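The structure file data-v6.txt is reproduced below (compact mmCIF, C-alpha atoms and all ligand atoms).
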# COMPACT_ATOMS: atom_id res chain seq x y z
CA MET A 219 -1.00 99.93 28.19
CA PHE A 220 1.95 100.67 30.45
CA ASN A 221 3.27 103.60 28.45
CA LYS A 222 4.85 105.29 31.38
CA LEU A 223 6.39 102.18 32.87
CA ARG A 224 7.77 101.19 29.49
CA LYS A 225 9.43 104.53 28.83
CA GLY A 226 10.86 104.67 32.33
CA ILE A 227 12.24 101.17 32.19
CA SER A 228 14.02 101.76 28.90
CA SER A 229 15.66 104.89 30.23
CA VAL A 230 16.80 103.06 33.36
CA ILE A 231 18.17 100.20 31.26
CA LYS A 232 20.27 102.70 29.30
CA LYS A 233 22.15 103.32 32.52
CA PHE A 234 23.46 99.78 32.64
CA LYS A 235 26.59 101.02 30.89
CA ILE A 236 28.82 98.71 32.83
CA LYS A 237 31.98 97.08 31.60
CA GLU A 238 32.06 94.18 34.00
CA LEU A 239 29.22 92.20 35.38
CA ASN A 240 29.59 91.84 39.12
CA GLU A 241 27.83 92.49 42.40
CA LYS A 242 29.40 95.92 42.73
CA SER A 243 28.81 97.19 39.21
CA LEU A 244 25.19 96.05 39.29
CA GLN A 245 24.30 97.53 42.62
CA LYS A 246 23.60 101.08 41.53
CA PRO A 247 21.66 100.53 38.29
CA VAL A 248 19.55 97.76 39.86
CA GLU A 249 18.80 100.04 42.79
CA GLU A 250 17.72 102.72 40.37
CA LEU A 251 15.44 100.28 38.56
CA VAL A 252 13.86 99.17 41.84
CA ASN A 253 13.28 102.77 42.89
CA PHE A 254 11.74 103.62 39.55
CA MET A 255 9.32 100.72 39.78
CA MET A 256 8.32 101.63 43.32
CA LYS A 257 7.56 105.16 42.21
CA ASN A 258 5.31 103.70 39.54
CA GLU A 259 3.01 101.71 41.74
CA VAL A 260 4.87 98.48 41.80
CA ALA A 261 4.71 97.42 45.46
CA SER A 262 8.08 97.60 47.19
CA GLN A 263 8.02 93.87 47.86
CA ALA A 264 7.53 93.10 44.16
CA ALA A 265 10.09 95.69 43.06
CA PHE A 266 12.73 94.21 45.40
CA THR A 267 11.94 90.69 44.21
CA ILE A 268 12.40 91.78 40.62
CA GLY A 269 15.67 93.57 41.47
CA ASP A 270 17.05 90.57 43.36
CA ASN A 271 16.02 88.05 40.73
CA LEU A 272 17.42 90.20 37.94
CA LYS A 273 20.73 90.53 39.72
CA ARG A 274 20.94 86.82 40.47
CA LYS A 275 20.26 85.92 36.85
CA LEU A 276 22.75 88.44 35.50
CA LEU A 277 25.48 87.30 37.89
CA LYS A 278 25.29 83.80 36.47
CA HIS A 279 27.08 85.34 33.48
CA GLU A 280 29.72 87.07 35.56
CA HIS A 281 32.67 85.84 33.56
CA GLU A 282 31.28 86.33 30.10
CA ARG A 283 32.33 89.17 27.85
CA PHE A 284 29.78 91.65 26.57
CA LYS A 285 30.31 94.46 24.12
CA ASP A 286 27.15 96.08 25.30
CA ILE A 287 25.38 94.51 28.19
CA ARG A 288 22.14 96.43 27.83
CA PRO A 289 20.27 94.16 25.42
CA PHE A 290 21.07 91.27 27.73
CA VAL A 291 19.79 93.21 30.75
CA GLN A 292 16.63 94.03 28.88
CA GLU A 293 15.97 90.43 27.91
CA THR A 294 16.71 89.20 31.43
CA LEU A 295 14.43 91.81 32.98
CA ARG A 296 11.63 90.82 30.62
CA ALA A 297 12.02 87.17 31.65
CA THR A 298 12.11 88.16 35.33
CA ILE A 299 8.88 90.11 35.02
CA GLU A 300 7.20 87.29 33.13
CA GLU A 301 8.22 84.92 35.90
CA ILE A 302 6.61 87.11 38.59
CA LEU A 303 3.43 87.25 36.51
CA THR A 304 3.36 83.47 36.25
CA PRO A 305 2.95 82.08 39.79
CA PRO A 306 2.10 78.40 40.42
CA GLY A 307 -1.25 77.45 38.87
CA SER A 308 -0.93 79.82 35.91
CA ASP A 309 -1.69 77.06 33.44
CA PHE A 310 -5.14 76.58 35.01
CA ASP A 311 -7.91 76.81 32.44
CA LEU A 312 -11.31 77.64 33.94
CA ILE A 313 -13.39 76.40 31.02
CA GLU A 314 -11.48 73.14 30.95
CA ALA A 315 -11.94 72.70 34.70
CA ILE A 316 -15.69 73.20 34.32
CA ARG A 317 -15.90 70.67 31.50
CA GLU A 318 -13.89 68.19 33.51
CA LYS A 319 -16.14 68.46 36.54
CA ARG A 320 -19.30 68.25 34.45
CA ALA A 321 -18.05 65.18 32.62
CA ASP A 322 -18.21 63.05 35.71
CA ASP A 323 -20.50 64.91 38.07
CA ASP A 324 -24.16 65.89 38.18
CA GLU A 325 -23.37 68.93 40.27
CA PRO A 326 -22.67 72.33 38.73
CA TYR A 327 -19.30 74.06 38.85
CA ILE A 328 -19.55 76.80 41.46
CA ILE A 329 -17.67 80.09 41.21
CA LEU A 330 -17.59 82.73 43.95
CA MET A 331 -16.67 86.36 43.33
CA LEU A 332 -14.73 88.17 46.10
CA GLY A 333 -13.50 91.71 46.56
CA ILE A 334 -14.21 95.12 48.01
CA ASN A 335 -16.85 97.52 46.72
CA GLY A 336 -16.60 98.92 43.22
CA THR A 337 -13.75 96.76 41.94
CA GLY A 338 -15.95 95.22 39.24
CA LYS A 339 -17.24 91.97 40.75
CA THR A 340 -20.73 92.15 39.28
CA THR A 341 -19.51 93.40 35.89
CA SER A 342 -16.87 90.65 35.75
CA LEU A 343 -19.47 88.05 36.75
CA ALA A 344 -21.63 89.14 33.81
CA LYS A 345 -18.60 88.99 31.50
CA LEU A 346 -17.85 85.47 32.76
CA GLY A 347 -21.48 84.56 32.07
CA ARG A 348 -21.03 85.70 28.48
CA MET A 349 -17.78 83.75 28.17
CA MET A 350 -19.47 80.59 29.47
CA GLN A 351 -22.25 81.00 26.90
CA LYS A 352 -19.70 81.36 24.12
CA ASN A 353 -18.22 78.08 25.30
CA LYS A 354 -21.62 76.39 25.20
CA LEU A 355 -21.91 76.18 28.97
CA SER A 356 -25.20 76.99 30.70
CA VAL A 357 -25.16 79.43 33.60
CA VAL A 358 -27.24 80.69 36.51
CA PHE A 359 -26.46 83.82 38.53
CA ALA A 360 -26.84 83.97 42.33
CA ALA A 361 -27.63 87.49 43.57
CA ALA A 362 -25.84 86.98 46.88
CA ASP A 363 -25.07 90.67 47.25
CA THR A 364 -28.17 91.31 49.35
CA PHE A 365 -26.46 94.20 51.07
CA ARG A 366 -25.97 97.10 48.68
CA ALA A 367 -29.04 98.97 47.44
CA GLY A 368 -29.47 98.33 43.73
CA ALA A 369 -27.23 95.28 43.64
CA ILE A 370 -30.02 92.79 42.93
CA ASP A 371 -31.47 94.93 40.13
CA GLN A 372 -28.02 95.38 38.64
CA ILE A 373 -27.26 91.66 38.38
CA LYS A 374 -30.79 90.90 37.15
CA GLU A 375 -30.38 93.44 34.40
CA HIS A 376 -27.16 91.75 33.28
CA GLY A 377 -28.93 88.40 33.43
CA ASP A 378 -31.81 89.71 31.31
CA ASN A 379 -29.42 91.21 28.76
CA LEU A 380 -27.56 87.93 28.45
CA GLY A 381 -30.52 85.58 28.74
CA ILE A 382 -29.22 84.14 32.01
CA LYS A 383 -31.53 83.43 34.94
CA THR A 384 -30.79 85.20 38.22
CA ILE A 385 -31.78 83.60 41.52
CA ALA A 386 -32.48 86.36 44.05
CA HIS A 387 -34.07 86.89 47.46
CA GLN A 388 -34.90 90.23 49.02
CA TYR A 389 -32.45 92.85 50.28
CA GLY A 390 -31.08 92.07 53.71
CA GLY A 391 -31.56 88.34 53.11
CA ASP A 392 -29.01 85.63 53.87
CA PRO A 393 -26.44 85.45 51.04
CA ALA A 394 -25.68 81.80 51.82
CA ALA A 395 -29.35 80.91 51.33
CA VAL A 396 -29.38 82.64 47.91
CA ALA A 397 -26.29 80.69 46.87
CA ILE A 398 -27.84 77.38 47.97
CA ASP A 399 -31.06 78.19 46.09
CA ALA A 400 -29.10 78.91 42.92
CA ILE A 401 -27.17 75.65 43.28
CA ASP A 402 -30.41 73.68 43.79
CA HIS A 403 -31.84 75.38 40.71
CA ALA A 404 -28.75 74.43 38.70
CA ILE A 405 -28.94 70.82 39.83
CA SER A 406 -32.64 70.52 38.97
CA LYS A 407 -32.14 72.09 35.51
CA ASP A 408 -28.80 70.43 34.80
CA ILE A 409 -27.04 73.81 34.50
CA ASP A 410 -23.24 73.75 34.18
CA VAL A 411 -22.10 76.80 36.13
CA VAL A 412 -23.30 78.81 39.14
CA LEU A 413 -21.80 82.30 39.39
CA ILE A 414 -22.21 83.77 42.87
CA ASP A 415 -22.00 87.55 43.27
CA THR A 416 -21.19 88.87 46.74
CA ALA A 417 -21.40 92.19 48.50
CA GLY A 418 -18.27 94.27 48.42
CA ARG A 419 -16.80 94.47 51.85
CA MET A 420 -13.75 95.94 53.33
CA GLN A 421 -11.40 93.11 53.95
CA ASN A 422 -11.17 94.17 57.60
CA ASN A 423 -14.91 94.23 58.32
CA ASP A 424 -15.20 91.20 60.54
CA ASN A 425 -18.97 90.68 60.37
CA LEU A 426 -19.07 90.84 56.62
CA VAL A 427 -16.12 88.52 56.27
CA ARG A 428 -17.83 86.05 58.59
CA GLU A 429 -20.89 86.22 56.38
CA LEU A 430 -18.67 85.35 53.43
CA GLU A 431 -17.18 82.43 55.33
CA LYS A 432 -20.73 81.14 55.77
CA VAL A 433 -21.35 81.36 52.02
CA VAL A 434 -18.18 79.34 51.43
CA ARG A 435 -19.13 76.71 54.04
CA ASN A 436 -22.59 76.30 52.52
CA ALA A 437 -21.94 76.65 48.81
CA GLU A 438 -18.53 74.92 48.76
CA PRO A 439 -17.34 76.77 45.65
CA ASP A 440 -15.02 75.02 43.23
CA PHE A 441 -13.23 78.26 42.46
CA LYS A 442 -12.95 81.55 44.36
CA ILE A 443 -12.05 84.58 42.27
CA PHE A 444 -10.61 87.72 43.81
CA VAL A 445 -11.58 90.76 41.76
CA GLY A 446 -9.06 93.58 42.08
CA ASP A 447 -9.12 97.03 40.51
CA ALA A 448 -5.85 97.76 38.69
CA LEU A 449 -6.21 101.46 39.53
CA THR A 450 -6.22 100.84 43.28
CA GLY A 451 -2.46 101.11 43.67
CA ASN A 452 -0.77 99.48 46.60
CA ASP A 453 -3.91 98.79 48.60
CA ILE A 454 -4.71 95.91 46.26
CA ILE A 455 -2.07 93.88 48.09
CA ARG A 456 -3.68 94.29 51.47
CA GLN A 457 -7.08 93.39 50.00
CA ALA A 458 -5.75 90.29 48.26
CA GLU A 459 -3.72 89.14 51.26
CA THR A 460 -6.64 89.46 53.67
CA PHE A 461 -9.14 87.71 51.40
CA ASN A 462 -6.56 85.00 50.77
CA GLU A 463 -5.97 84.46 54.50
CA ARG A 464 -9.61 84.55 55.56
CA ILE A 465 -11.42 83.01 52.60
CA GLY A 466 -8.80 81.60 50.26
CA ILE A 467 -8.27 82.83 46.71
CA ASP A 468 -7.87 80.45 43.76
CA GLY A 469 -7.42 83.00 40.99
CA ILE A 470 -7.63 86.69 40.17
CA ILE A 471 -9.46 88.97 37.76
CA LEU A 472 -7.77 92.34 37.40
CA THR A 473 -10.24 94.97 36.16
CA LYS A 474 -9.96 98.39 34.51
CA MET A 475 -6.82 97.48 32.61
CA ASP A 476 -8.16 99.65 29.77
CA ALA A 477 -7.24 102.78 31.70
CA ASP A 478 -3.83 104.31 31.11
CA LEU A 479 -1.79 102.42 33.61
CA ARG A 480 1.54 102.54 35.22
CA GLY A 481 1.21 98.79 35.41
CA GLY A 482 2.12 98.02 38.98
CA ALA A 483 -1.01 96.16 40.05
CA ALA A 484 -0.44 92.93 38.13
CA LEU A 485 3.11 92.58 39.41
CA SER A 486 2.24 93.54 42.96
CA VAL A 487 -0.71 91.22 43.37
CA THR A 488 0.79 88.07 41.83
CA ASN A 489 4.01 88.55 43.76
CA ALA A 490 2.12 89.07 47.02
CA ILE A 491 -0.25 86.10 47.01
CA GLN A 492 1.31 83.83 44.39
CA LYS A 493 -2.03 83.18 42.71
CA PRO A 494 -2.56 83.45 38.97
CA ILE A 495 -4.41 86.23 37.21
CA LEU A 496 -6.85 84.41 34.93
CA TYR A 497 -8.48 87.33 33.16
CA ILE A 498 -8.26 91.08 32.83
CA GLY A 499 -11.15 93.49 32.40
CA VAL A 500 -10.53 95.91 29.55
CA GLY A 501 -13.78 97.88 29.33
CA GLN A 502 -17.40 98.01 30.36
CA SER A 503 -19.07 95.79 27.79
CA TYR A 504 -19.66 92.05 28.10
CA ASP A 505 -16.93 91.04 25.72
CA ASP A 506 -14.28 93.11 27.48
CA LEU A 507 -12.75 90.22 29.37
CA LYS A 508 -9.44 88.93 28.08
CA LYS A 509 -7.30 85.99 29.03
CA PHE A 510 -4.28 87.22 30.97
CA ASP A 511 -1.12 86.97 28.92
CA PRO A 512 2.02 87.25 31.10
CA LYS A 513 4.37 86.99 28.13
CA GLY A 514 2.56 89.76 26.27
CA ILE A 515 2.47 92.02 29.30
CA ALA A 516 6.14 91.48 30.07
CA LYS A 517 6.90 92.38 26.46
CA ASP A 518 4.71 95.41 26.74
CA MET A 519 6.58 96.61 29.82
CA VAL A 520 10.06 95.75 28.52
CA PRO A 521 9.93 95.81 24.71
N1 LIG A 601 -13.32 100.79 32.33
C1 LIG A 601 -13.67 99.70 33.00
N2 LIG A 601 -14.66 99.79 33.91
C2 LIG A 601 -15.00 98.67 34.59
C3 LIG A 601 -14.34 97.43 34.38
N3 LIG A 601 -14.91 96.52 35.20
C4 LIG A 601 -15.86 97.17 35.90
N4 LIG A 601 -15.92 98.47 35.55
C5 LIG A 601 -16.83 99.52 36.08
O1 LIG A 601 -16.59 99.67 37.47
C6 LIG A 601 -17.78 100.05 38.13
C7 LIG A 601 -18.06 99.15 39.31
O2 LIG A 601 -18.35 97.85 38.84
P1 LIG A 601 -19.25 96.80 39.63
O3 LIG A 601 -19.26 95.57 38.82
O4 LIG A 601 -20.56 97.37 39.99
O5 LIG A 601 -18.37 96.60 40.96
P2 LIG A 601 -18.70 95.74 42.26
O6 LIG A 601 -19.12 96.71 43.32
O7 LIG A 601 -17.40 95.09 42.63
O8 LIG A 601 -19.75 94.75 41.92
C8 LIG A 601 -18.88 100.01 37.07
O9 LIG A 601 -19.10 101.31 36.61
C9 LIG A 601 -18.28 99.14 35.97
O10 LIG A 601 -18.80 99.44 34.69
C10 LIG A 601 -13.28 97.38 33.39
O11 LIG A 601 -12.64 96.36 33.13
N5 LIG A 601 -12.99 98.55 32.74
MG MG A 602 -21.56 94.35 42.79

Since I need it in another form, could you write the structure as structure tokens?
Amino acid sequence: MFNKLRKGISSVIKKFKIKELNEKSLQKPVEELVNFMMKNEVASQAAFTIGDNLKRKLLKHEHERFKDIRPFVQETLRATIEEILTPPGSDFDLIEAIREKRADDDEPYIILMLGINGTGKTTSLAKLGRMMQKNKLSVVFAAADTFRAGAIDQIKEHGDNLGIKTIAHQYGGDPAAVAIDAIDHAISKDIDVVLIDTAGRMQNNDNLVRELEKVVRNAEPDFKIFVGDALTGNDIIRQAETFNERIGIDGIILTKMDADLRGGAALSVTNAIQKPILYIGVGQSYDDLKKFDPKGIAKDMVP
């Protein structure tokens, strides 16, 4: 992962051949670093934040003597990137939260998947189902994407493969009603987790967003997951911001991280909405969901 970003960053760091650490000497190399990141799909906002934070941290050492400042720049940049990837709430553990709720509640833990078409909502939902099973938690799927042709069959197929029941109505039905049915089913069977799929919708399609608001009002999810495609580039920010404003996002799954990436998406999206990435999708099979590791990714970007 992040081959290109890594190579680029090390060559930019080589240019920090400065003798003294001050505002003036840092200006040019930091600017170059920011420009490089922006060219590699780090959103400008995130790139500027990284540049500013890096400079601020380095200037704390203004009066120290360095033989070669570059290893220090590298280490500070790595810490800065890790910080951006670790917004408030990053220590949240989904499995633990489910167990906690189930310990003192008869109601299931309800998870809602959000995002535009094709980002990997249904695939990630199936992967989450598998993860729940591995953690000895029982699951039911709610086929609340009643909009896209094939969506109900797709989620049912995942359910069949995994041995997880899917509650579905017919196409064109009310997604909120499907969600409620799945929750009632979970309550009657003492199932731990309800995973609600939703139709992909452009974040600016008002009718569809209203429909989603209705699902949220009715199902009252415990956790709302925004699913973003790491290959989307800068548009992921607009998607995340709009879903966060209209619906509210609790955490993020970033998919398609197995593709050869420039690596901007993770930085851009956490910096923009200050919500943690819980998991990354790294392939198309059920086990290809990994816990997000900010330290590891920062190390990968700035070795
Ligand atoms: N390589 C790769 N493909 C993925 C990943 N997650 C989803 N996909 C693929 O992306 C496509 C769209 O996924 P889908 O779950 O149907 O998206 P949805 O429209 O948001 O429900 C499918 O072909 C998935 O197999 C991932 O982490 N890696
Ligand atoms: Mg889908």

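If all atoms listed in the file are the atoms counted, then among A:Arg348, A:Arg435, A:Arg456, A:Lys339 the closest residue to A:Gly418 is A:Lys339.
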
Checklist entry - Which protein, DNA or RNA residues have an atom within 10 Å of ligand MG 602 (chain A), counting all atoms listed in the file, as a list in words? => result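 Based on all atoms listed in the file, ligand MG 602 (chain A) is surrounded within 10 Å by Met331, Leu332, Gly333, Ile334, Asn335, Gly336, Thr337, Gly338, Lys339, Thr340, Thr341, Ser342, Leu343, Ala361, Ala362, Asp363, Thr364, Phe365, Arg366, Ala367, Gly368, Ala369, Ile370, Gln372, Ile373, Asp415, Thr416, Ala417 and Gly418 of chain A.
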
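One finds atom CA of A:His279 at 24.1 Å from atom CA of A:Asn253.
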
Checklist entry - So which one's closest to ligand LIG 601 (chain A), A:Lys354, A:Lys374, A:Arg428, A:Lys345? Using all atoms listed in the file, please. => result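 Ranked by minimum distance to ligand LIG 601 (chain A), first place goes to A:Lys345.
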
Checklist entry - Hey, can you pull every residue with an atom no more than 8 Å from (-13.8, 80.3, 38.6), using all atoms listed in the file, and send it as a ChimeraX atom specification? => result /A:312,328-330,440-443,468-469
